[in-house]
$ cat protein-v5.cif   # mmCIF, C-alpha atoms
data_run
loop_
_atom_site.label_atom_id
_atom_site.label_comp_id
_atom_site.auth_asym_id
_atom_site.auth_seq_id
_atom_site.Cartn_x
_atom_site.Cartn_y
_atom_site.Cartn_z
CA MET A 1 43.04 -4.11 -35.54
CA PRO A 2 38.81 -2.29 -28.66
CA ASN A 3 35.59 -1.17 -30.13
CA THR A 4 35.65 2.47 -31.24
CA PRO A 5 32.96 4.98 -32.21
CA ALA A 6 31.56 4.80 -35.74
CA PRO A 7 33.59 6.90 -38.19
CA LYS A 8 32.35 10.30 -39.32
CA HIS A 9 31.89 11.23 -42.99
CA ASN A 10 35.46 11.10 -44.21
CA ARG A 11 37.05 9.61 -41.14
CA PRO A 12 37.74 5.87 -41.31
CA LYS A 13 39.15 3.76 -38.54
CA ARG A 14 41.11 1.53 -40.86
CA LYS A 15 44.43 0.96 -39.30
CA GLY A 16 45.51 2.49 -36.08
CA PRO A 17 45.14 2.07 -32.39
CA GLU A 18 43.21 5.28 -31.89
CA GLN A 19 40.56 7.68 -33.07
CA PRO A 20 41.33 11.18 -34.41
CA ASN A 21 41.49 13.93 -31.82
CA ASP A 22 43.25 17.26 -32.28
CA GLN A 23 42.72 18.13 -28.63
CA ALA A 24 45.07 15.53 -27.14
CA PRO A 25 47.29 16.91 -24.36
CA GLN A 26 50.83 17.70 -25.45
CA PRO A 27 53.30 15.42 -23.62
CA ARG A 28 56.66 16.79 -22.68
CA THR A 29 59.46 16.29 -25.17
CA LEU A 30 61.83 13.46 -24.27
CA LYS A 31 65.49 13.43 -25.24
CA LEU A 32 66.55 10.22 -26.92
CA GLY A 33 69.83 8.83 -25.69
CA THR A 34 72.40 6.70 -27.47
CA ARG A 35 72.40 2.96 -27.45
CA ARG A 36 74.21 1.19 -24.65
CA ALA A 37 76.56 -1.54 -25.77
CA ALA A 38 75.09 -5.02 -25.40
CA PRO A 39 75.89 -8.41 -26.89
CA PRO A 40 73.67 -9.03 -29.92
CA SER A 41 71.32 -11.99 -29.97
CA PRO A 42 68.76 -12.56 -32.77
CA ALA A 43 65.16 -12.36 -31.64
CA PRO A 44 63.25 -15.64 -32.06
CA ALA A 45 60.04 -13.68 -32.64
CA ILE A 46 61.64 -11.78 -35.51
CA ALA A 47 62.95 -14.92 -37.21
CA GLN A 48 59.65 -16.76 -36.78
CA ALA A 49 57.60 -13.88 -38.18
CA ALA A 50 59.94 -13.47 -41.14
CA GLN A 51 59.40 -17.12 -42.10
CA ALA A 52 55.62 -17.17 -41.71
CA TYR A 53 54.13 -13.82 -42.67
CA PHE A 54 54.65 -13.89 -46.44
CA GLN A 55 53.55 -17.49 -46.91
CA THR A 56 50.30 -18.02 -48.79
CA TYR A 57 48.07 -20.99 -48.00
CA PRO A 58 44.65 -22.38 -48.96
CA ALA A 59 41.84 -20.34 -47.44
CA THR A 60 39.36 -22.15 -45.22
CA LEU A 61 36.09 -22.13 -47.13
CA PRO A 62 32.60 -22.28 -45.59
CA PRO A 63 30.84 -25.64 -46.19
CA ARG A 64 28.58 -24.28 -48.93
CA LEU A 65 31.64 -23.35 -51.02
CA GLU A 66 33.89 -26.35 -50.39
CA THR A 67 33.03 -27.90 -53.78
CA LEU A 68 34.41 -25.01 -55.85
CA ARG A 69 36.44 -26.02 -58.88
CA ARG A 70 39.72 -24.53 -57.69
CA GLY A 71 41.43 -23.53 -54.48
CA VAL A 72 41.59 -20.00 -53.14
CA ALA A 73 44.75 -18.70 -51.49
CA THR A 74 45.05 -16.24 -48.67
CA LYS A 75 47.72 -14.92 -46.31
CA ALA A 76 48.28 -12.65 -43.36
CA GLY A 77 46.96 -9.16 -44.10
CA VAL A 78 44.09 -10.28 -46.36
CA ARG A 79 40.54 -9.59 -45.16
CA GLY A 80 39.05 -12.75 -43.67
CA ALA A 81 42.32 -14.73 -43.38
CA PRO A 82 42.76 -17.59 -42.58
CA GLY A 83 39.27 -18.01 -43.97
CA ILE A 84 37.13 -15.99 -46.38
CA ASP A 85 35.60 -12.60 -45.69
CA ALA A 86 31.98 -13.28 -44.69
CA ALA A 87 30.47 -10.74 -47.10
CA GLN A 88 32.53 -12.13 -49.99
CA ALA A 89 31.47 -15.68 -49.11
CA LEU A 90 27.78 -14.71 -49.30
CA LEU A 91 28.48 -12.85 -52.54
CA ALA A 92 30.04 -15.97 -54.09
CA SER A 93 27.13 -18.15 -52.95
CA THR A 94 24.66 -15.67 -54.44
CA LEU A 95 26.43 -15.63 -57.82
CA GLN A 96 26.51 -19.42 -57.76
CA LYS A 97 22.76 -19.55 -57.06
CA ASP A 98 22.10 -17.03 -59.86
CA ARG A 99 24.22 -19.18 -62.22
CA VAL A 100 26.41 -16.24 -63.19
CA ARG A 101 28.78 -17.17 -66.00
CA GLY A 102 31.25 -15.42 -68.27
CA THR A 103 33.49 -12.45 -67.51
CA VAL A 104 33.15 -10.93 -64.03
CA LEU A 105 35.01 -7.81 -62.89
CA ASP A 106 35.67 -8.05 -59.14
CA LEU A 107 36.66 -4.66 -57.69
CA SER A 108 37.49 -6.21 -54.30
CA ALA A 109 38.94 -9.53 -55.33
CA MET A 110 40.84 -10.45 -52.14
CA GLY A 111 42.18 -13.96 -52.85
CA GLY A 112 40.09 -14.57 -55.97
CA LEU A 113 37.07 -16.44 -54.58
CA ILE A 114 34.74 -15.19 -57.34
CA GLY A 115 37.12 -16.61 -59.95
CA ALA A 116 36.72 -20.07 -58.41
CA LEU A 117 33.04 -20.18 -59.39
CA PRO A 118 32.13 -22.52 -62.30
CA GLY A 119 32.07 -20.78 -65.67
CA VAL A 120 33.48 -17.48 -64.41
CA THR A 121 36.41 -15.70 -66.05
CA LEU A 122 37.74 -13.32 -63.42
CA ARG A 123 39.08 -9.82 -63.86
CA ALA A 124 40.64 -9.27 -60.44
CA VAL A 125 41.21 -5.78 -59.01
CA GLU A 126 42.70 -5.04 -55.60
CA ALA A 127 44.18 -2.06 -53.72
CA SER A 128 45.72 -4.30 -51.02
CA ALA A 129 49.29 -5.52 -51.54
CA PRO A 130 48.74 -8.67 -49.41
CA ALA A 131 45.63 -9.50 -51.44
CA LEU A 132 47.55 -9.07 -54.70
CA ALA A 133 50.05 -11.66 -53.41
CA ALA A 134 47.18 -14.02 -52.57
CA LEU A 135 45.67 -13.53 -56.03
CA LYS A 136 48.96 -14.50 -57.62
CA ALA A 137 49.09 -17.65 -55.50
CA SER A 138 45.51 -18.45 -56.61
CA GLY A 139 46.60 -18.24 -60.24
CA PHE A 140 45.15 -14.81 -61.09
CA GLU A 141 46.91 -11.74 -62.46
CA GLY A 142 45.55 -9.06 -60.16
CA VAL A 143 45.43 -5.40 -61.16
CA ALA A 144 46.50 -2.90 -58.50
CA ALA A 145 43.90 -0.13 -58.48
CA ALA A 146 42.05 2.10 -56.03
CA PRO A 147 38.49 3.48 -56.24
CA GLY A 148 38.22 5.80 -59.22
CA ASP A 149 41.13 4.41 -61.20
CA PRO A 150 40.26 3.86 -64.87
CA LEU A 151 40.53 0.24 -65.94
CA SER A 152 40.34 0.69 -69.72
CA SER A 153 44.10 0.32 -70.10
CA HIS A 154 43.75 -3.23 -68.74
CA TRP A 155 40.52 -4.26 -70.49
CA ALA A 156 39.17 -2.59 -73.62
CA ASP A 157 35.56 -3.57 -72.87
CA ARG A 158 33.52 -3.48 -69.68
CA ALA A 159 32.49 -6.79 -68.14
CA PRO A 160 28.72 -7.46 -68.09
CA THR A 161 28.89 -8.45 -64.40
CA VAL A 162 30.69 -6.48 -61.67
CA THR A 163 31.11 -7.49 -58.03
CA LEU A 164 32.04 -5.38 -55.03
CA VAL A 165 32.42 -5.91 -51.28
CA LEU A 166 31.82 -2.65 -49.43
CA ALA A 167 34.52 -1.66 -46.93
CA GLY A 168 32.14 0.07 -44.53
CA ASP A 169 34.81 0.05 -41.82
CA ARG A 170 36.75 2.61 -43.90
CA GLY A 171 34.14 5.34 -43.68
CA ASN A 172 31.40 6.94 -45.75
CA ALA A 173 33.65 8.68 -48.26
CA TYR A 174 35.48 5.49 -49.17
CA THR A 175 32.32 3.45 -49.68
CA GLU A 176 30.84 6.32 -51.70
CA ALA A 177 33.95 6.18 -53.88
CA GLN A 178 33.55 2.40 -54.22
CA VAL A 179 29.94 2.74 -55.41
CA ILE A 180 30.82 5.50 -57.90
CA TRP A 181 33.71 3.38 -59.22
CA ALA A 182 31.39 0.40 -59.65
CA HIS A 183 28.96 2.59 -61.59
CA ALA A 184 31.72 3.79 -63.93
CA SER A 185 32.91 0.21 -64.42
CA THR A 186 29.50 -1.31 -65.24
CA PRO A 187 28.11 -0.90 -68.79
CA PRO A 188 24.49 0.17 -69.29
CA GLY A 189 22.42 -2.99 -68.91
CA GLY A 190 25.19 -4.61 -66.89
CA THR A 191 24.71 -6.03 -63.41
CA LEU A 192 26.42 -5.11 -60.15
CA TYR A 193 26.36 -7.50 -57.19
CA ILE A 194 27.23 -5.54 -54.05
CA ALA A 195 27.89 -7.15 -50.65
CA GLY A 196 28.38 -5.73 -47.19
CA ASP A 197 27.70 -5.82 -43.47
CA LYS A 198 24.48 -4.29 -42.16
CA ASP A 199 26.37 -3.17 -39.04
CA LYS A 200 28.83 -1.27 -41.27
CA GLY A 201 26.28 0.80 -43.20
CA TYR A 202 25.22 -1.66 -45.92
CA ASP A 203 21.60 -0.47 -46.02
CA ARG A 204 22.65 3.15 -46.52
CA TYR A 205 25.19 2.31 -49.20
CA VAL A 206 22.94 -0.05 -51.14
CA ARG A 207 20.23 2.63 -51.27
CA ARG A 208 22.81 4.99 -52.72
CA ALA A 209 23.86 2.38 -55.27
CA ALA A 210 20.25 1.64 -56.26
CA ALA A 211 19.55 5.35 -56.79
CA LEU A 212 22.68 5.70 -58.92
CA PHE A 213 22.09 2.56 -61.00
CA GLY A 214 18.37 3.23 -61.37
CA THR A 215 17.19 -0.07 -59.95
CA GLY A 216 18.24 -2.61 -57.34
CA GLU A 217 17.32 -4.59 -54.26
CA THR A 218 18.79 -6.83 -51.57
CA ILE A 219 18.52 -10.45 -52.69
CA ALA A 220 20.51 -12.43 -50.08
CA ARG A 221 20.98 -12.37 -46.31
CA ASP A 222 23.12 -14.44 -43.96
CA GLY A 223 23.49 -13.24 -40.39
CA GLY A 224 24.60 -9.63 -40.68
CA MET A 225 25.82 -10.00 -44.26
CA ARG A 226 23.80 -8.77 -47.24
CA VAL A 227 24.03 -8.91 -51.05
CA GLY A 228 22.24 -6.49 -53.38
CA LYS A 229 21.73 -6.73 -57.14
CA MET A 230 21.66 -3.64 -59.37
CA VAL A 231 21.11 -3.31 -63.11
CA ARG A 232 22.61 -0.15 -64.54
CA ARG A 233 20.46 2.22 -66.54
CA PRO A 234 22.14 4.84 -68.77
CA GLY A 235 23.34 7.85 -66.83
CA ILE A 236 26.32 9.99 -65.94
CA THR A 237 28.74 8.77 -63.28
CA PRO A 238 29.12 11.43 -60.54
CA PRO A 239 32.56 12.69 -59.43
CA LEU A 240 34.47 11.00 -56.64
CA PRO A 241 34.60 12.53 -53.16
CA GLU A 242 37.38 15.08 -52.76
CA PRO A 243 40.29 14.37 -50.42
CA GLU A 244 40.35 16.11 -47.06
CA ARG A 245 43.11 18.58 -46.26
CA TYR A 246 44.45 19.87 -42.96
CA GLU A 247 47.61 21.28 -41.40
CA THR A 248 49.50 19.69 -38.52
CA HIS A 249 53.07 19.90 -37.23
CA GLY A 250 53.89 22.33 -40.03
CA LEU A 251 52.71 19.86 -42.71
CA GLN A 252 49.97 20.08 -45.33
CA VAL A 253 48.19 16.73 -45.17
CA VAL A 254 46.11 15.38 -48.04
CA GLY A 255 43.82 12.56 -46.91
CA TRP A 256 42.21 10.49 -49.64
CA PRO A 257 38.93 8.69 -48.76
CA GLY A 258 39.48 5.62 -46.62
CA VAL A 259 42.99 6.54 -45.53
CA PHE A 260 43.87 6.48 -41.85
CA SER A 261 43.86 10.00 -40.28
CA ALA A 262 42.42 11.39 -43.52
CA GLY A 263 40.52 14.21 -41.77
CA ARG A 264 42.74 15.12 -38.82
CA LEU A 265 45.70 13.76 -36.95
CA ASP A 266 45.04 10.82 -34.64
CA LYS A 267 46.07 10.98 -30.98
CA ALA A 268 48.67 8.23 -31.15
CA THR A 269 50.61 9.72 -34.05
CA ASN A 270 50.42 13.10 -32.34
CA LEU A 271 51.96 11.55 -29.22
CA LEU A 272 54.73 9.94 -31.28
CA LEU A 273 55.68 13.18 -33.03
CA ASN A 274 55.53 15.27 -29.87
CA THR A 275 57.70 12.71 -28.06
CA LEU A 276 60.35 12.93 -30.79
CA GLU A 277 60.10 16.70 -31.27
CA GLY A 278 63.74 17.41 -30.39
CA LEU A 279 65.23 14.64 -32.53
CA ASP A 280 67.80 15.71 -35.14
CA LEU A 281 67.26 13.71 -38.32
CA ALA A 282 69.48 15.64 -40.73
CA GLY A 283 71.04 13.20 -43.19
CA GLN A 284 69.45 10.15 -41.53
CA ARG A 285 67.78 7.37 -43.53
CA VAL A 286 64.27 6.96 -42.12
CA LEU A 287 61.63 4.36 -42.95
CA ASP A 288 57.91 5.02 -42.25
CA LEU A 289 56.21 1.62 -42.06
CA GLY A 290 52.44 1.76 -42.67
CA CYS A 291 52.49 5.42 -43.67
CA GLY A 292 48.76 6.09 -44.13
CA ALA A 293 48.43 9.73 -45.19
CA GLY A 294 52.20 10.14 -44.86
CA VAL A 295 52.32 12.36 -41.77
CA ILE A 296 55.16 10.54 -39.97
CA GLY A 297 57.37 10.23 -43.04
CA ALA A 298 56.73 13.83 -44.07
CA TRP A 299 57.55 14.99 -40.52
CA ALA A 300 60.90 13.17 -40.76
CA ALA A 301 61.60 14.65 -44.21
CA GLN A 302 60.83 18.10 -42.81
CA ARG A 303 63.68 17.52 -40.36
CA GLY A 304 66.19 16.69 -43.06
CA ALA A 305 65.85 12.91 -43.26
CA HIS A 306 66.00 10.86 -46.45
CA VAL A 307 62.65 9.11 -46.18
CA THR A 308 60.99 6.01 -47.57
CA LEU A 309 57.29 5.48 -46.87
CA LEU A 310 55.50 2.14 -47.25
CA ASP A 311 51.85 1.15 -47.14
CA ALA A 312 49.92 -1.94 -48.24
CA ASP A 313 46.92 0.17 -49.32
CA LEU A 314 47.13 1.91 -52.68
CA SER A 315 44.91 4.85 -51.60
CA SER A 316 47.31 5.46 -48.71
CA VAL A 317 50.26 5.50 -51.09
CA ARG A 318 48.52 8.13 -53.23
CA SER A 319 47.66 10.14 -50.11
CA ALA A 320 51.24 10.04 -48.77
CA GLU A 321 52.60 11.16 -52.15
CA ALA A 322 50.14 14.07 -52.15
CA THR A 323 51.09 15.04 -48.57
CA LEU A 324 54.79 15.18 -49.45
CA HIS A 325 54.07 17.26 -52.55
CA ALA A 326 51.70 19.65 -50.75
CA SER A 327 54.29 20.13 -47.99
CA GLY A 328 57.12 20.84 -50.46
CA LEU A 329 59.03 17.72 -49.42
CA SER A 330 60.58 14.79 -51.24
CA GLY A 331 60.59 11.10 -50.44
CA ARG A 332 60.04 7.64 -51.86
CA VAL A 333 56.57 6.11 -51.40
CA LEU A 334 56.03 2.43 -52.21
CA HIS A 335 52.97 0.19 -52.41
CA SER A 336 54.21 -2.72 -50.34
CA ASP A 337 53.10 -5.70 -48.26
CA VAL A 338 55.07 -4.62 -45.18
CA ASP A 339 58.64 -4.36 -46.61
CA ALA A 340 58.26 -6.69 -49.61
CA ALA A 341 58.79 -3.87 -52.13
CA LEU A 342 62.05 -2.69 -50.55
CA ASP A 343 65.36 -3.60 -52.13
CA ASP A 344 67.66 -1.93 -49.61
CA THR A 345 68.68 -1.99 -45.94
CA GLY A 346 70.79 0.21 -43.67
CA TYR A 347 68.12 2.53 -42.31
CA ASP A 348 69.03 4.56 -39.24
CA LEU A 349 65.49 4.85 -37.89
CA VAL A 350 62.15 3.12 -38.44
CA LEU A 351 59.02 4.97 -37.31
CA SER A 352 55.57 3.38 -37.20
CA ASN A 353 52.01 3.48 -35.93
CA PRO A 354 51.33 -0.18 -36.79
CA PRO A 355 47.90 -1.41 -37.87
CA PHE A 356 46.13 -4.03 -35.84
CA HIS A 357 42.86 -4.22 -37.77
CA VAL A 358 42.32 -6.13 -41.01
CA GLY A 359 38.71 -5.41 -41.95
CA ARG A 360 36.62 -6.03 -38.82
CA GLY A 361 39.11 -8.33 -37.14
CA VAL A 362 41.73 -7.53 -34.52
CA VAL A 363 44.85 -9.11 -35.97
CA LEU A 364 48.39 -8.71 -34.61
CA ASP A 365 50.36 -10.67 -37.20
CA VAL A 366 50.75 -7.63 -39.46
CA ALA A 367 52.06 -5.46 -36.61
CA ALA A 368 54.40 -8.30 -35.57
CA GLU A 369 55.77 -8.36 -39.10
CA PHE A 370 56.32 -4.59 -38.95
CA ILE A 371 58.67 -5.22 -36.03
CA ALA A 372 60.37 -8.07 -37.89
CA ALA A 373 60.76 -5.87 -40.98
CA ALA A 374 62.35 -3.13 -38.91
CA GLY A 375 64.89 -5.68 -37.68
CA ARG A 376 65.67 -6.66 -41.28
CA ARG A 377 65.98 -3.12 -42.63
CA LEU A 378 67.78 -1.23 -39.87
CA ARG A 379 71.55 -0.97 -39.78
CA PRO A 380 73.29 -2.62 -36.79
CA GLY A 381 72.41 -0.49 -33.80
CA GLY A 382 69.57 1.25 -35.66
CA ARG A 383 66.46 2.32 -33.80
CA LEU A 384 62.77 1.44 -34.04
CA VAL A 385 60.24 3.83 -32.49
CA LEU A 386 56.58 2.90 -32.60
CA VAL A 387 53.35 4.03 -30.99
CA ALA A 388 50.52 1.71 -29.96
CA ASN A 389 47.62 1.17 -27.60
CA ASP A 390 49.01 0.61 -24.12
CA PHE A 391 47.44 -2.86 -23.83
CA LEU A 392 49.06 -4.30 -26.98
CA PRO A 393 51.89 -6.75 -26.10
CA TYR A 394 54.55 -5.36 -28.40
CA GLU A 395 57.23 -5.54 -25.69
CA ALA A 396 57.12 -9.33 -26.02
CA ARG A 397 57.68 -9.00 -29.77
CA LEU A 398 60.78 -6.92 -29.00
CA SER A 399 62.29 -9.54 -26.69
CA GLY A 400 65.47 -9.92 -28.76
CA TRP A 401 66.05 -6.20 -29.19
CA GLN A 402 68.25 -3.93 -27.05
CA ASP A 403 67.24 -1.12 -24.68
CA VAL A 404 63.50 -1.55 -25.08
CA THR A 405 62.13 1.60 -23.45
CA ALA A 406 58.76 3.29 -23.08
CA LEU A 407 59.54 6.89 -24.03
CA ALA A 408 56.03 8.17 -23.27
CA ARG A 409 52.62 7.01 -22.06
CA ASP A 410 49.51 9.16 -22.40
CA GLN A 411 45.76 8.67 -22.80
CA GLY A 412 46.05 4.91 -23.22
CA PHE A 413 48.93 4.96 -25.72
CA LYS A 414 52.65 4.28 -25.45
CA VAL A 415 55.73 5.16 -27.47
CA LEU A 416 58.28 2.36 -27.51
CA SER A 417 61.94 2.63 -28.54
CA ALA A 418 64.26 -0.28 -29.25
CA TYR A 419 67.62 -0.89 -30.95
CA THR A 420 68.49 -3.72 -33.30
CA PRO A 421 70.57 -6.49 -31.76
#

$ encode --input "protein-v5.cif" --output "structure tokens"
Amino acid sequence: MPNTPAPKHNRPKRKGPEQPNDQAPQPRTLKLGTRRAAPPSPAPAIAQAAQAYFQTYPATLPPRLETLRRGVATKAGVRGAPGIDAAQALLASTLQKDRVRGTVLDLSAMGGLIGALPGVTLRAVEASAPALAALKASGFEGVAAAPGDPLSSHWADRAPTVTLVLAGDRGNAYTEAQVIWAHASTPPGGTLYIAGDKDKGYDRYVRRAAALFGTGETIARDGGMRVGKMVRRPGITPPLPEPERYETHGLQVVGWPGVFSAGRLDKATNLLLNTLEGLDLAGQRVLDLGCGAGVIGAWAAQRGAHVTLLDADLSSVRSAEATLHASGLSGRVLHSDVDAALDDTGYDLVLSNPPFHVGRGVVLDVAAEFIAAAGRRLRPGGRLVLVANDFLPYEARLSGWQDVTALARDQGFKVLSAYTP
């Protein structure tokens, strides 16, 4: 998921096809018509995506790690897939060179690479639902947790070694939360290995970590990737960054660090909601796929819909729950790899601003599976409405759908509508 400006303090560019901008022109409201009758025909793209997306497979390892004692699984939606995230690969090589053994707490475990190192007993933590599925396939019991979550209910003691890959692409506030979480999770005298990309703020974040831990330095470099080593001195762990709050479309939005549109509404979602402004949703069952801070789902609930919101990122789930509560609305919010956590179908409408970034990479398989999931979850004749960058080829992914229509185009974005076959 084109190059975009670097994010501001609490403003990541994690998932969407746009950067925040409250000043976007207001497009005219479009009336949505009813579906024209057409003979149904299943979409090959939908069927193919449904078969492939949830499959796990062995990750492609760099040559220096090919001799590890066990395989590492990955899948679509995991950072680095079909290979290994470059910062995590350097981190693993550094631990191997340092002959790290014993219990290691990995706060960004992905598919469990650190647990494949000789002599390591892995405590795997992940906020990503796809990564939790990959961990299971690798033979690890991953713990779903986001920065700041206490881990004492899972492990009574703190591991002597902690590892962390910084998600600099998710903004300053999120990486600050990661560093604070690592500090709280490392016992005095314990060691933190911290990896990241120098082009995504590594130097700034490692200085912050060294100041917090009391000592530390960069010990490994490979291309743009870096690994630092910190030994924790006694000291108080500072509080986590506060969520951002703002009002838009009559909603009170609570944006936790690292969540898409945490600080203000992005232009694409604004276009989607303005395009659908006149839509009556009273009594309708609406699914918000990839909910982020929950703006789209909350907007639908505000109009009388029974809403379900899904996101693969645990911080986004917490943010969406907070947005519904702050706005005085109700809805179901699930931590889910696309629609894997759903146990029902028969939705009248699916709304989405699909992600097309996984870490640094532009990846369309997740967005393609969003479309496939909408086809699985909608009732016959149900509608999908999504917003995306104008250049993204989603029309081809909708080739088996009915009445595929561009409802609006503005500032490089498009709103597409389609009915299930």

$ closest_residue --input "protein-v5.cif" --among "A:Leu287, A:Pro160, A:Gly228, A:Val120" --to "Arg99 of chain A" --atoms "only C-alpha atoms"
A:Val120

$ resolve_selection --input "protein-v5.cif" --expression "the PyMOL selection byres ((chain A and resi 416) around 7)" --output "list of chain:residue names"
A:Val385, A:Leu386, A:Val387, A:Val404, A:Thr405, A:Ala406, A:Leu407, A:Lys414, A:Val415, A:Ser417, A:Ala418

$ residues_around --input "protein-v5.cif" --residues "Gln411 of chain A" --least-positions-apart "2" --cutoff "10 Å" --atoms "only C-alpha atoms" --output "PyMOL selection string"
chain A and resi 24-25+267-268+271+389-390+409+413-414

$ resolve_selection --input "protein-v5.cif" --expression "the PyMOL selection byres ((chain A and resi 80-83) around 9)" --output "list in words"
Tyr57, Pro58, Ala59, Thr60, Leu61, Pro62, Thr74, Lys75, Ala76, Gly77, Val78, Arg79, Ile84, Asp85, Ala86, Met110, Val358, Gly359, Arg360 and Gly361 of chain A

$ residues_around --input "protein-v5.cif" --residues "segment 229-245 of chain A" --least-positions-apart "5" --cutoff "8 Å" --atoms "only C-alpha atoms" --output "PyMOL selection string"
chain A and resi 10+148+173+176-177+180+183-184+186-194+209-210+213-219+252-257+262-263

$ axis_aligned_box --input "protein-v5.cif" --around "segment 142-157 of chain A" --padding-each-side "3 Å" --output "AutoDock Vina command-line options"
--center_x 41.0 --center_y -1.6 --center_z -64.8 --size_x 16.9 --size_y 20.9 --size_z 23.6

$ atom_distance --input "protein-v5.cif" --atom1 "atom CA of Thr308 of chain A" --atom2 "atom CA of Leu151 of chain A"
28.1 Å
